[in-house]
>>> print(open('model28.txt').read())   # compact mmCIF, C-alpha atoms and all ligand atoms
# COMPACT_ATOMS: atom_id res chain seq x y z
CA MET A 1 204.03 36.38 65.28
CA SER A 2 201.52 34.03 66.86
CA ILE A 3 200.76 30.72 65.19
CA SER A 4 197.11 29.95 64.59
CA GLY A 5 195.43 26.58 64.04
CA VAL A 6 194.76 25.11 60.60
CA LYS A 7 191.70 26.42 58.73
CA GLY A 8 188.69 24.17 59.17
CA MET A 9 190.27 22.34 62.13
CA ASN A 10 188.90 23.40 65.49
CA ASP A 11 189.98 23.32 69.08
CA ILE A 12 187.32 21.85 71.31
CA LEU A 13 187.65 24.05 74.36
CA ALA A 14 187.17 23.13 78.01
CA GLU A 15 183.75 24.80 78.09
CA ASP A 16 182.61 22.51 75.25
CA THR A 17 184.14 19.19 76.29
CA PRO A 18 181.44 18.34 78.89
CA LEU A 19 178.91 18.27 76.03
CA TRP A 20 181.24 16.19 73.87
CA GLN A 21 181.83 13.78 76.74
CA GLU A 22 178.08 13.46 77.23
CA LEU A 23 177.56 12.74 73.51
CA GLU A 24 180.31 10.13 73.61
CA SER A 25 179.24 8.43 76.82
CA ALA A 26 175.62 8.25 75.65
CA ALA A 27 176.90 6.45 72.52
CA ARG A 28 178.91 3.97 74.59
CA ARG A 29 175.89 3.33 76.82
CA ILE A 30 173.28 2.94 74.07
CA PHE A 31 175.49 1.02 71.63
CA SER A 32 176.47 -1.50 74.28
CA LEU A 33 172.75 -2.22 74.85
CA TYR A 34 172.67 -3.45 71.26
CA GLY A 35 175.81 -5.57 71.61
CA PHE A 36 178.38 -3.26 70.02
CA SER A 37 182.03 -3.14 71.12
CA GLU A 38 184.46 -0.33 70.50
CA ILE A 39 187.24 -0.51 67.91
CA ARG A 40 190.02 2.06 67.50
CA THR A 41 191.89 2.19 64.23
CA PRO A 42 194.76 4.54 63.26
CA VAL A 43 193.91 7.94 61.76
CA VAL A 44 196.25 7.16 58.87
CA GLU A 45 195.78 4.37 56.32
CA ARG A 46 197.29 3.41 53.00
CA THR A 47 195.73 5.69 50.34
CA GLU A 48 194.74 2.67 48.28
CA LEU A 49 192.22 1.59 50.94
CA PHE A 50 190.07 4.68 50.41
CA CYS A 51 190.44 4.73 46.62
CA ARG A 52 189.24 1.14 46.42
CA SER A 53 186.37 1.46 48.90
CA ILE A 54 184.96 4.99 48.66
CA GLY A 55 185.45 5.05 44.88
CA GLU A 56 187.89 6.83 42.52
CA THR A 57 185.22 9.12 41.08
CA THR A 58 183.73 10.38 44.34
CA ASP A 59 184.32 13.94 45.57
CA ILE A 60 186.09 12.56 48.63
CA VAL A 61 188.71 10.64 46.66
CA GLU A 62 188.95 13.11 43.76
CA LYS A 63 189.48 16.25 45.77
CA GLU A 64 189.08 15.99 49.52
CA MET A 65 191.71 13.62 50.85
CA TYR A 66 194.77 14.67 52.83
CA THR A 67 197.28 12.45 51.08
CA PHE A 68 201.05 12.49 51.53
CA GLU A 69 204.06 10.25 51.15
CA ASP A 70 205.91 9.05 54.21
CA ARG A 71 209.71 9.12 54.30
CA ASN A 72 209.76 5.81 52.49
CA GLY A 73 207.59 6.96 49.60
CA LEU A 74 204.48 5.10 50.81
CA SER A 75 201.27 6.97 49.98
CA LEU A 76 199.24 7.53 53.14
CA THR A 77 195.93 9.32 53.74
CA LEU A 78 194.33 10.83 56.82
CA ARG A 79 191.09 8.85 57.10
CA PRO A 80 188.16 10.73 55.54
CA GLU A 81 185.69 8.28 57.11
CA GLY A 82 185.63 5.27 59.42
CA THR A 83 183.96 2.41 57.54
CA ALA A 84 186.83 1.43 55.23
CA PRO A 85 189.38 1.34 58.10
CA VAL A 86 187.04 -0.88 60.14
CA MET A 87 186.68 -3.25 57.16
CA ARG A 88 190.45 -3.28 56.74
CA ALA A 89 190.91 -4.13 60.42
CA PHE A 90 188.13 -6.76 60.26
CA ALA A 91 189.82 -8.52 57.35
CA GLN A 92 193.34 -8.15 58.73
CA HIS A 93 192.43 -9.64 62.11
CA ARG A 94 190.14 -12.30 60.61
CA MET A 95 187.32 -11.29 62.92
CA HIS A 96 184.86 -13.51 61.03
CA ALA A 97 186.68 -16.51 62.49
CA SER A 98 185.54 -15.66 66.00
CA ASP A 99 181.85 -14.87 65.43
CA GLN A 100 179.23 -15.05 62.70
CA ILE A 101 178.20 -11.45 63.31
CA THR A 102 180.42 -8.59 64.47
CA LYS A 103 179.12 -5.30 65.84
CA LEU A 104 181.65 -2.52 66.22
CA TYR A 105 181.54 1.18 66.99
CA TYR A 106 184.17 3.90 66.82
CA MET A 107 184.59 7.57 67.51
CA GLY A 108 187.29 9.97 66.44
CA PRO A 109 188.53 12.60 64.02
CA MET A 110 188.09 12.33 60.23
CA PHE A 111 189.65 14.60 57.63
CA ARG A 112 188.25 16.02 54.39
CA TYR A 113 189.55 19.01 52.48
CA GLU A 114 186.14 20.65 52.08
CA ARG A 115 185.18 24.32 52.03
CA PRO A 116 184.67 25.06 55.73
CA GLN A 117 181.38 26.57 56.89
CA LYS A 118 178.98 26.10 59.79
CA GLY A 119 178.68 22.36 60.37
CA ARG A 120 181.33 21.49 57.78
CA TYR A 121 184.98 21.28 58.74
CA ARG A 122 188.27 19.83 57.52
CA GLN A 123 188.85 17.94 60.71
CA PHE A 124 185.53 16.74 62.07
CA HIS A 125 184.52 13.93 64.39
CA GLN A 126 182.32 10.96 63.78
CA ILE A 127 180.67 8.45 66.06
CA GLY A 128 179.96 5.44 63.88
CA ALA A 129 178.75 1.85 64.13
CA GLU A 130 179.09 -1.12 61.77
CA VAL A 131 177.56 -4.60 61.71
CA ILE A 132 179.36 -7.21 59.63
CA GLY A 133 178.08 -10.65 58.76
CA SER A 134 174.34 -10.47 58.19
CA GLU A 135 172.06 -9.34 55.41
CA ASP A 136 168.95 -9.95 57.51
CA ALA A 137 166.60 -6.97 57.15
CA ARG A 138 166.11 -7.03 60.94
CA ILE A 139 169.72 -5.87 61.22
CA ASP A 140 168.96 -2.85 59.02
CA ALA A 141 166.00 -2.02 61.24
CA GLN A 142 168.00 -2.57 64.41
CA VAL A 143 170.78 -0.24 63.28
CA LEU A 144 168.17 2.44 62.58
CA ALA A 145 166.41 1.77 65.88
CA MET A 146 169.71 2.18 67.71
CA LEU A 147 170.44 5.43 65.88
CA LEU A 148 167.02 6.87 66.78
CA HIS A 149 167.36 5.59 70.35
CA TYR A 150 170.63 7.50 70.60
CA PHE A 151 169.04 10.70 69.32
CA GLU A 152 166.27 10.36 71.86
CA ALA A 153 168.83 9.76 74.62
CA ILE A 154 170.72 12.96 73.82
CA GLY A 155 167.52 14.98 73.59
CA LEU A 156 167.45 15.57 69.82
CA GLN A 157 164.11 14.53 68.44
CA ASP A 158 163.50 17.08 65.73
CA VAL A 159 165.11 14.95 63.00
CA GLU A 160 163.72 13.16 59.97
CA LEU A 161 164.79 9.68 58.93
CA GLN A 162 164.87 9.19 55.17
CA ILE A 163 165.56 5.81 53.62
CA ASN A 164 166.18 4.48 50.15
CA SER A 165 167.47 1.37 48.45
CA LEU A 166 170.30 1.62 45.93
CA GLY A 167 169.96 -1.95 44.66
CA CYS A 168 172.81 -4.37 44.13
CA PRO A 169 175.37 -5.25 41.42
CA GLU A 170 172.60 -7.21 39.71
CA CYS A 171 170.03 -4.44 39.31
CA ARG A 172 172.03 -1.22 39.61
CA PRO A 173 173.77 -1.39 36.18
CA GLY A 174 170.37 -1.51 34.41
CA TYR A 175 169.18 1.51 36.39
CA ARG A 176 172.44 3.31 35.76
CA ASP A 177 172.13 2.85 31.98
CA GLN A 178 168.59 4.24 32.04
CA LEU A 179 169.70 7.18 34.15
CA VAL A 180 172.63 7.94 31.82
CA ALA A 181 170.27 7.80 28.81
CA PHE A 182 167.86 10.17 30.60
CA ILE A 183 170.65 12.60 31.50
CA GLU A 184 172.11 12.54 27.99
CA GLN A 185 168.91 14.08 26.66
CA ARG A 186 169.22 17.00 29.07
CA LEU A 187 172.93 17.74 29.00
CA ASP A 188 172.40 21.36 27.94
CA SER A 189 170.58 22.14 31.20
CA LEU A 190 173.30 20.66 33.42
CA CYS A 191 176.21 22.36 35.17
CA ASP A 192 179.81 21.70 34.04
CA ASP A 193 180.43 19.37 36.97
CA CYS A 194 177.46 17.17 36.10
CA ARG A 195 178.32 17.15 32.39
CA ARG A 196 181.79 15.94 33.32
CA ARG A 197 180.73 13.26 35.81
CA TYR A 198 177.41 11.93 34.54
CA ARG A 199 178.97 8.95 32.78
CA THR A 200 181.29 7.89 35.58
CA ASN A 201 178.90 8.66 38.44
CA PRO A 202 175.39 9.43 37.11
CA LEU A 203 173.76 9.12 40.55
CA ARG A 204 175.65 12.21 41.71
CA VAL A 205 173.70 14.29 39.17
CA LEU A 206 170.52 13.58 41.16
CA ASP A 207 172.21 15.08 44.20
CA CYS A 208 173.54 18.24 42.50
CA LYS A 209 172.57 21.41 44.35
CA VAL A 210 172.65 23.63 41.22
CA PRO A 211 168.99 24.61 40.58
CA GLY A 212 169.21 23.90 36.81
CA CYS A 213 170.37 20.32 37.46
CA ALA A 214 167.68 19.71 40.07
CA GLU A 215 165.02 20.99 37.65
CA ALA A 216 166.32 18.97 34.70
CA THR A 217 166.21 15.72 36.71
CA VAL A 218 162.78 16.06 38.34
CA GLU A 219 161.46 13.32 36.09
CA ALA A 220 164.53 11.10 36.29
CA PRO A 221 163.86 7.36 36.56
CA SER A 222 163.61 6.17 40.17
CA VAL A 223 166.01 3.58 41.48
CA LEU A 224 163.11 1.98 43.37
CA ASP A 225 161.39 1.11 40.08
CA HIS A 226 164.47 -0.80 38.96
CA LEU A 227 165.24 -3.03 41.93
CA CYS A 228 165.61 -6.77 41.29
CA THR A 229 163.27 -9.11 43.16
CA GLY A 230 165.84 -9.77 45.89
CA CYS A 231 166.39 -6.06 46.57
CA GLN A 232 162.68 -5.28 46.39
CA ASP A 233 161.98 -8.00 48.89
CA HIS A 234 164.77 -6.85 51.20
CA PHE A 235 163.58 -3.24 51.12
CA ALA A 236 159.99 -4.33 51.83
CA ARG A 237 161.20 -6.35 54.83
CA VAL A 238 163.21 -3.41 56.16
CA ARG A 239 160.11 -1.18 55.90
CA GLY A 240 158.02 -3.88 57.55
CA HIS A 241 160.38 -4.13 60.54
CA LEU A 242 160.53 -0.33 60.86
CA GLY A 243 156.72 -0.41 60.96
CA ASP A 244 156.76 -3.15 63.62
CA LEU A 245 159.07 -0.99 65.74
CA GLU A 246 156.86 2.06 65.08
CA LEU A 247 159.81 4.06 63.81
CA PRO A 248 158.78 6.99 61.62
CA TYR A 249 160.57 7.40 58.27
CA ALA A 250 160.15 8.81 54.79
CA ILE A 251 161.24 7.16 51.55
CA ASN A 252 163.48 9.35 49.41
CA PRO A 253 164.21 7.62 46.08
CA ARG A 254 166.55 10.49 45.10
CA MET A 255 168.86 9.97 48.05
CA VAL A 256 172.39 9.58 46.80
CA ARG A 257 175.30 8.91 49.07
CA GLY A 258 178.73 10.43 48.45
CA LEU A 259 180.50 7.08 48.79
CA ASP A 260 180.39 4.32 46.18
CA TYR A 261 180.32 1.28 48.44
CA TYR A 262 176.59 1.33 49.25
CA THR A 263 174.17 -1.41 48.22
CA ARG A 264 170.49 -1.82 49.10
CA THR A 265 169.39 0.18 52.19
CA THR A 266 170.76 3.71 52.54
CA PHE A 267 169.55 6.34 54.97
CA GLU A 268 170.09 9.82 56.32
CA LEU A 269 168.96 11.57 59.46
CA LEU A 270 168.16 15.15 58.51
CA THR A 271 167.62 18.36 60.39
CA SER A 272 166.33 21.71 59.22
CA HIS A 273 168.43 23.59 61.82
CA LEU A 274 171.87 23.46 60.24
CA GLY A 275 171.42 25.28 56.94
CA ALA A 276 173.02 23.47 54.04
CA GLN A 277 174.56 20.80 56.30
CA SER A 278 171.31 19.00 56.88
CA ALA A 279 172.61 15.46 57.50
CA VAL A 280 173.47 14.75 61.13
CA ALA A 281 173.92 11.06 60.51
CA ALA A 282 174.03 8.84 57.47
CA GLY A 283 174.82 5.33 56.41
CA GLY A 284 173.62 2.19 54.74
CA ARG A 285 174.45 -1.32 53.57
CA TYR A 286 177.71 -2.13 51.86
CA ASP A 287 177.45 -5.82 51.05
CA GLY A 288 180.44 -5.97 48.69
CA LEU A 289 182.85 -3.70 50.56
CA LEU A 290 184.67 -6.20 52.73
CA ARG A 291 185.56 -8.36 49.75
CA GLN A 292 186.68 -5.26 47.84
CA VAL A 293 189.29 -4.53 50.49
CA GLY A 294 190.55 -8.11 50.46
CA GLY A 295 188.35 -9.66 53.16
CA PRO A 296 185.78 -12.46 53.01
CA ASP A 297 182.52 -11.93 51.11
CA LEU A 298 180.39 -10.79 54.04
CA PRO A 299 177.61 -8.20 54.05
CA GLY A 300 177.70 -5.13 56.26
CA ILE A 301 175.70 -2.10 57.32
CA GLY A 302 176.42 0.93 59.46
CA PHE A 303 176.21 4.66 59.99
CA ALA A 304 178.20 7.62 61.19
CA MET A 305 177.07 10.79 62.96
CA GLY A 306 178.89 14.11 62.82
CA VAL A 307 179.68 15.09 66.42
CA GLU A 308 180.14 18.82 65.61
CA ARG A 309 176.65 18.78 64.10
CA LEU A 310 175.21 17.03 67.16
CA ALA A 311 176.87 19.63 69.38
CA LEU A 312 175.53 22.49 67.24
CA LEU A 313 172.02 21.03 67.46
CA ARG A 314 172.25 20.76 71.22
CA GLY A 315 173.04 24.50 71.19
CA GLU A 316 172.57 26.05 74.59
CA SER A 317 171.38 22.87 76.23
CA ARG A 318 174.64 21.96 77.94
CA PRO A 319 175.29 19.53 80.76
CA THR A 320 175.78 21.30 84.09
CA VAL A 321 179.27 20.95 85.43
CA GLU A 322 179.50 20.66 89.20
CA GLY A 323 181.97 22.84 91.03
CA PRO A 324 184.52 21.41 93.52
CA ASP A 325 183.22 19.67 96.65
CA LEU A 326 185.36 21.93 98.78
CA PHE A 327 187.26 25.18 98.55
CA ILE A 328 189.80 25.93 101.26
CA ALA A 329 190.19 29.64 101.94
CA ALA A 330 193.53 30.05 103.73
CA LEU A 331 194.68 33.19 105.51
CA GLY A 332 198.39 33.59 106.00
CA GLU A 333 201.40 31.60 104.92
CA THR A 334 201.17 28.74 107.44
CA ALA A 335 197.48 28.27 106.72
CA GLY A 336 198.25 28.36 102.96
CA ARG A 337 200.75 25.56 103.38
CA GLU A 338 198.33 23.56 105.54
CA ALA A 339 195.49 24.14 103.04
CA PHE A 340 197.67 22.69 100.29
CA ARG A 341 198.47 19.63 102.43
CA ILE A 342 194.81 19.06 103.34
CA MET A 343 193.74 19.51 99.70
CA SER A 344 196.22 16.87 98.52
CA LYS A 345 195.11 14.38 101.18
CA LEU A 346 191.42 14.86 100.37
CA GLN A 347 192.02 14.53 96.62
CA LEU A 348 193.59 11.15 97.29
CA LYS A 349 190.32 10.20 98.98
CA GLY A 350 188.34 11.17 95.88
CA ILE A 351 187.13 14.60 97.02
CA ARG A 352 187.38 17.51 94.58
CA VAL A 353 189.18 20.37 96.29
CA GLU A 354 190.47 23.77 95.19
CA ILE A 355 192.49 26.49 96.88
CA ASP A 356 193.49 30.00 95.85
CA TYR A 357 197.20 30.00 95.10
CA ARG A 358 197.40 33.77 95.23
CA GLY A 359 196.10 33.95 98.79
CA GLY A 360 194.64 37.40 99.28
CA SER A 361 191.82 38.58 101.52
CA LEU A 362 189.05 36.28 102.75
CA LYS A 363 186.64 38.29 100.61
CA SER A 364 188.59 37.73 97.40
CA GLN A 365 189.01 34.01 98.18
CA MET A 366 185.27 33.70 98.83
CA ARG A 367 184.65 35.38 95.47
CA ARG A 368 186.81 32.78 93.81
CA ALA A 369 185.00 29.95 95.62
CA ASP A 370 181.77 31.40 94.28
CA LYS A 371 183.11 31.67 90.74
CA LEU A 372 184.22 28.02 90.83
CA ALA A 373 180.75 27.11 92.20
CA ALA A 374 182.40 25.31 95.15
CA GLN A 375 179.83 23.50 97.25
CA ARG A 376 181.56 24.16 100.59
CA VAL A 377 184.29 26.39 101.93
CA LEU A 378 186.64 25.59 104.78
CA ILE A 379 188.06 28.73 106.34
CA LEU A 380 191.54 28.27 107.68
CA GLY A 381 193.57 30.88 109.59
CA GLU A 382 196.14 30.90 112.40
CA ASP A 383 193.40 30.63 115.08
CA GLU A 384 191.81 27.62 113.42
CA LEU A 385 195.15 25.89 113.13
CA ASN A 386 195.85 26.50 116.81
CA ARG A 387 192.56 25.10 117.99
CA GLY A 388 192.48 22.22 115.47
CA THR A 389 188.97 22.97 114.20
CA ALA A 390 187.69 25.21 111.40
CA PRO A 391 184.33 26.44 110.10
CA LEU A 392 182.94 24.56 107.11
CA LYS A 393 180.38 26.62 105.24
CA GLN A 394 177.70 25.22 102.91
CA MET A 395 177.54 27.64 100.02
CA ALA A 396 173.94 26.79 99.06
CA ASP A 397 172.34 27.90 102.33
CA GLY A 398 175.16 29.65 104.18
CA SER A 399 174.93 27.22 107.14
CA GLN A 400 178.12 26.51 109.01
CA VAL A 401 179.53 23.70 111.16
CA GLU A 402 182.80 23.46 113.01
CA VAL A 403 184.88 20.47 111.88
CA ARG A 404 187.96 18.93 113.36
CA ILE A 405 191.08 18.98 111.20
CA ASP A 406 193.10 16.30 112.84
CA GLU A 407 196.05 14.48 111.37
CA LYS A 408 193.88 11.92 109.59
CA LEU A 409 191.14 14.37 108.58
CA PHE A 410 188.45 11.84 109.54
CA ASP A 411 186.04 14.47 110.73
CA LEU A 412 186.28 16.64 107.64
CA CYS A 413 186.04 13.68 105.27
CA ALA A 414 182.98 12.34 107.07
CA HIS A 415 181.30 15.73 106.72
CA LEU A 416 182.12 16.04 103.04
CA LEU A 417 181.02 12.53 102.18
CA SER A 418 177.85 12.57 104.30
CA THR A 419 176.61 15.78 102.72
CA GLU A 420 177.61 14.69 99.21
CA GLY A 421 175.01 15.51 96.60
CA ASP A 422 173.40 18.24 98.74
P1 LIG B 1 179.10 10.51 55.39
O1 LIG B 1 177.72 10.80 54.94
O2 LIG B 1 180.19 10.93 54.49
O3 LIG B 1 179.16 8.94 55.64
O4 LIG B 1 179.35 11.14 56.81
C1 LIG B 1 178.54 10.82 57.91
C2 LIG B 1 178.26 12.06 58.75
O5 LIG B 1 179.49 12.71 59.11
C3 LIG B 1 177.48 13.16 58.02
O6 LIG B 1 176.10 12.91 58.06
C4 LIG B 1 177.87 14.38 58.82
O7 LIG B 1 177.06 14.47 59.99
C5 LIG B 1 179.31 14.10 59.22
N1 LIG B 1 180.24 14.81 58.32
C6 LIG B 1 180.67 14.42 57.10
N2 LIG B 1 181.53 15.31 56.59
C7 LIG B 1 181.66 16.31 57.50
C8 LIG B 1 182.39 17.53 57.56
N3 LIG B 1 183.22 17.90 56.57
N4 LIG B 1 182.25 18.32 58.65
C9 LIG B 1 181.43 17.95 59.67
N5 LIG B 1 180.72 16.80 59.67
C10 LIG B 1 180.82 15.99 58.60
C11 LIG B 1 180.26 8.28 56.08
O8 LIG B 1 181.28 8.81 56.46
C12 LIG B 1 180.07 6.77 56.13
N6 LIG B 1 181.36 6.16 56.56
C13 LIG B 1 178.95 6.42 57.07
C14 LIG B 1 178.72 4.96 57.15
C15 LIG B 1 179.11 4.12 58.15
N7 LIG B 1 178.15 4.21 56.23
C16 LIG B 1 178.15 2.94 56.60
N8 LIG B 1 178.75 2.89 57.77
>>> encode(input="model28.txt", output="structure tokens", more="lines below")
Ligand code: HAM
Amino acid sequence: MSISGVKGMNDILAEDTPLWQELESAARRIFSLYGFSEIRTPVVERTELFCRSIGETTDIVEKEMYTFEDRNGLSLTLRPEGTAPVMRAFAQHRMHASDQITKLYYMGPMFRYERPQKGRYRQFHQIGAEVIGSEDARIDAQVLAMLLHYFEAIGLQDVELQINSLGCPECRPGYRDQLVAFIEQRLDSLCDDCRRRYRTNPLRVLDCKVPGCAEATVEAPSVLDHLCTGCQDHFARVRGHLGDLELPYAINPRMVRGLDYYTRTTFELLTSHLGAQSAVAAGGRYDGLLRQVGGPDLPGIGFAMGVERLALLRGESRPTVEGPDLFIAALGETAGREAFRIMSKLQLKGIRVEIDYRGGSLKSQMRRADKLAAQRVLILGEDELNRGTAPLKQMADGSQVEVRIDEKLFDLCAHLLSTEGD
């Protein structure tokens, strides 16, 4: 019986990796423009880290984590997101000691036991960025500018940026109480899930997809009407800077994030092309998170994008993959051996070369060269070996030159390198 992969965890096949590599290298390029450096943390952390940061009553911690005990009885969890691990690493390595502001980015697999569907998987990949050490509203705007710059760079412009402010520990409790009081009067219209969680996590009720719950909360109090002066001022500054940078956005006071660590600015980048999975990127401020995981009391802000969702949005627009620089069609055993030797020498010089290991007729080898989209073909038979030269054919226009195949292959190399990029 054959063994299949785990449900919700996908292979990224060779035909898809060029797109993934493009998405990743664009992130490296754009993020470095804004002063971000890459950090790589383990995929496994102590379970406690996620419980403390994401929040005990969130869907992620309640029902989506891959948690297990190691052989020593230590509870470990496959990371469901990247922010908490970065904060853990920041605190552990005392990064605040080396700079007042730290900008980090990461990319890699995350794990959530969700119901798989298009755009939602159990192993998925995020590209994320975090800034630690400043509560300046210009940082909020810069993080958003970088995110939109990235989307422009990868050719995805049909997205909507929505922003909100979730307040701070000073103003959120007052809002929360009002929201709970509002919900309590409408309990009969709510789904079982919301009735169960409205006291522990009332904001989640605003985000419930059940039509009855959405209807019952149309008139719910808005978090933006309950911000303290500090949060109001911060949000106004963020909007002002976004205006200065001419970045389009919409305010969505009902935006609720599925993680508890957020304070003040939160945002999502939405698309209408992925059905229910409309968020391609999301993030926000988390000014108390670092302290919560045992680090210094420093503010932070960041985002993460779902790479599978980016790839789905790019759809058919794939990077073109160039075929080998050279294909050597060899006729006969001696020529086959010589073709292999020449190929190996040229590869050492940085030239991409292929041969046909099955040999076969010239016609079948030319077909293979075509299939691989080889740019040139060197035809090598007994005669060519005897005279020390061979025809080199340009596949694009069919033109042919005779090149010398001497011991050092100077002639052939010069031809390949001089016509590079043709
Ligand atoms: P999140 O909203 O949970 O935030 O995830 C961010 C993005 O990851 C989503 O917008 C989506 O594109 C992608 N994503 C999430 N779950 C899945 C899934 N099951 N399958 C496919 N893609 C998925 C965070 O994770 C925060 N750590 C973001 C952040 C960084 N906030 C501050 N800094």
>>> closest_residue(input="model28.txt", among="A:Val180, A:Glu354, A:Val6, A:Asp297", to="A:Arg195", atoms="only C-alpha atoms")
A:Val180
>>> closest_residue(input="model28.txt", among="A:Arg172, A:Ala220, A:Ser165, A:Met110", to="A:Phe235", atoms="only C-alpha atoms")
A:Ser165
>>> closest_residue(input="model28.txt", among="A:Cys194, A:Ala304, A:Leu227, A:Leu247", to="ligand LIG 1 (chain B)", atoms="only C-alpha atoms and all ligand atoms")
A:Ala304
>>> residues_near_ligand(input="model28.txt", ligand="ligand LIG 1 (chain B)", cutoff="7 Å", atoms="only C-alpha atoms and all ligand atoms", output="mmCIF file with C-alpha atoms, in the coordinates of the input")
data_model
loop_
_atom_site.group_PDB
_atom_site.id
_atom_site.type_symbol
_atom_site.label_atom_id
_atom_site.label_comp_id
_atom_site.auth_asym_id
_atom_site.auth_seq_id
_atom_site.Cartn_x
_atom_site.Cartn_y
_atom_site.Cartn_z
ATOM 1 C CA GLU A 81 185.690 8.280 57.110
ATOM 2 C CA GLY A 82 185.630 5.270 59.420
ATOM 3 C CA THR A 83 183.960 2.410 57.540
ATOM 4 C CA ARG A 112 188.250 16.020 54.390
ATOM 5 C CA GLU A 114 186.140 20.650 52.080
ATOM 6 C CA GLY A 119 178.680 22.360 60.370
ATOM 7 C CA ARG A 120 181.330 21.490 57.780
ATOM 8 C CA TYR A 121 184.980 21.280 58.740
ATOM 9 C CA ARG A 122 188.270 19.830 57.520
ATOM 10 C CA GLN A 123 188.850 17.940 60.710
ATOM 11 C CA PHE A 124 185.530 16.740 62.070
ATOM 12 C CA HIS A 125 184.520 13.930 64.390
ATOM 13 C CA GLN A 126 182.320 10.960 63.780
ATOM 14 C CA GLY A 128 179.960 5.440 63.880
ATOM 15 C CA ALA A 129 178.750 1.850 64.130
ATOM 16 C CA GLU A 130 179.090 -1.120 61.770
ATOM 17 C CA ARG A 257 175.300 8.910 49.070
ATOM 18 C CA GLY A 258 178.730 10.430 48.450
ATOM 19 C CA LEU A 259 180.500 7.080 48.790
ATOM 20 C CA GLU A 268 170.090 9.820 56.320
ATOM 21 C CA ALA A 279 172.610 15.460 57.500
ATOM 22 C CA VAL A 280 173.470 14.750 61.130
ATOM 23 C CA ALA A 281 173.920 11.060 60.510
ATOM 24 C CA ALA A 282 174.030 8.840 57.470
ATOM 25 C CA GLY A 283 174.820 5.330 56.410
ATOM 26 C CA GLY A 284 173.620 2.190 54.740
ATOM 27 C CA ARG A 285 174.450 -1.320 53.570
ATOM 28 C CA TYR A 286 177.710 -2.130 51.860
ATOM 29 C CA ILE A 301 175.700 -2.100 57.320
ATOM 30 C CA GLY A 302 176.420 0.930 59.460
ATOM 31 C CA PHE A 303 176.210 4.660 59.990
ATOM 32 C CA ALA A 304 178.200 7.620 61.190
ATOM 33 C CA MET A 305 177.070 10.790 62.960
ATOM 34 C CA GLY A 306 178.890 14.110 62.820
ATOM 35 C CA VAL A 307 179.680 15.090 66.420
ATOM 36 C CA GLU A 308 180.140 18.820 65.610
ATOM 37 C CA ARG A 309 176.650 18.780 64.100
#
>>> residues_around(input="model28.txt", residues="A:Phe90", least_positions_apart="2", cutoff="12 Å", atoms="only C-alpha atoms", output="MDAnalysis selection string")
chainID A and resid 39:41 83:88 92:99 101:104 130:133 289:291 293:298 300
>>> atom_distance(input="model28.txt", atom1="atom CA of A:Lys408", atom2="atom CA of A:Glu333")
21.6 Å
>>> closest_residue(input="model28.txt", among="A:Pro299, A:Pro253, A:Gly55, A:Gly243", to="A:Gln100", atoms="only C-alpha atoms")
A:Pro299
>>> residues_around(input="model28.txt", residues="A:Leu378", least_positions_apart="3", cutoff="9 Å", atoms="only C-alpha atoms", output="VMD selection string")
chain A and resid 326 to 330 390 to 393 403
>>> atom_distance(input="model28.txt", atom1="atom CA of A:Lys371", atom2="atom CA of A:Leu313")
27.9 Å
>>> residues_around(input="model28.txt", residues="stretch 154-158 of chain A", least_positions_apart="3", cutoff="9 Å", atoms="all atoms listed in the file", output="VMD selection string")
chain A and resid 22 to 23 26 148 to 151 270 to 272 310 313 to 314
>>> write_last_selection(input="model28.txt", atoms="C-alpha atoms", output="mmCIF file, in the frame of the given file")
data_model
loop_
_atom_site.group_PDB
_atom_site.id
_atom_site.type_symbol
_atom_site.label_atom_id
_atom_site.label_comp_id
_atom_site.auth_asym_id
_atom_site.auth_seq_id
_atom_site.Cartn_x
_atom_site.Cartn_y
_atom_site.Cartn_z
ATOM 1 C CA GLU A 22 178.080 13.460 77.230
ATOM 2 C CA LEU A 23 177.560 12.740 73.510
ATOM 3 C CA ALA A 26 175.620 8.250 75.650
ATOM 4 C CA LEU A 148 167.020 6.870 66.780
ATOM 5 C CA HIS A 149 167.360 5.590 70.350
ATOM 6 C CA TYR A 150 170.630 7.500 70.600
ATOM 7 C CA PHE A 151 169.040 10.700 69.320
ATOM 8 C CA LEU A 270 168.160 15.150 58.510
ATOM 9 C CA THR A 271 167.620 18.360 60.390
ATOM 10 C CA SER A 272 166.330 21.710 59.220
ATOM 11 C CA LEU A 310 175.210 17.030 67.160
ATOM 12 C CA LEU A 313 172.020 21.030 67.460
ATOM 13 C CA ARG A 314 172.250 20.760 71.220
#
>>> closest_residue(input="model28.txt", among="A:Ile379, A:Cys208, A:Leu274, A:Leu179", to="A:Gln400", atoms="only C-alpha atoms")
A:Ile379
>>> atom_distance(input="model28.txt", atom1="atom CA of A:Phe31", atom2="atom CA of A:Met107")
11.9 Å
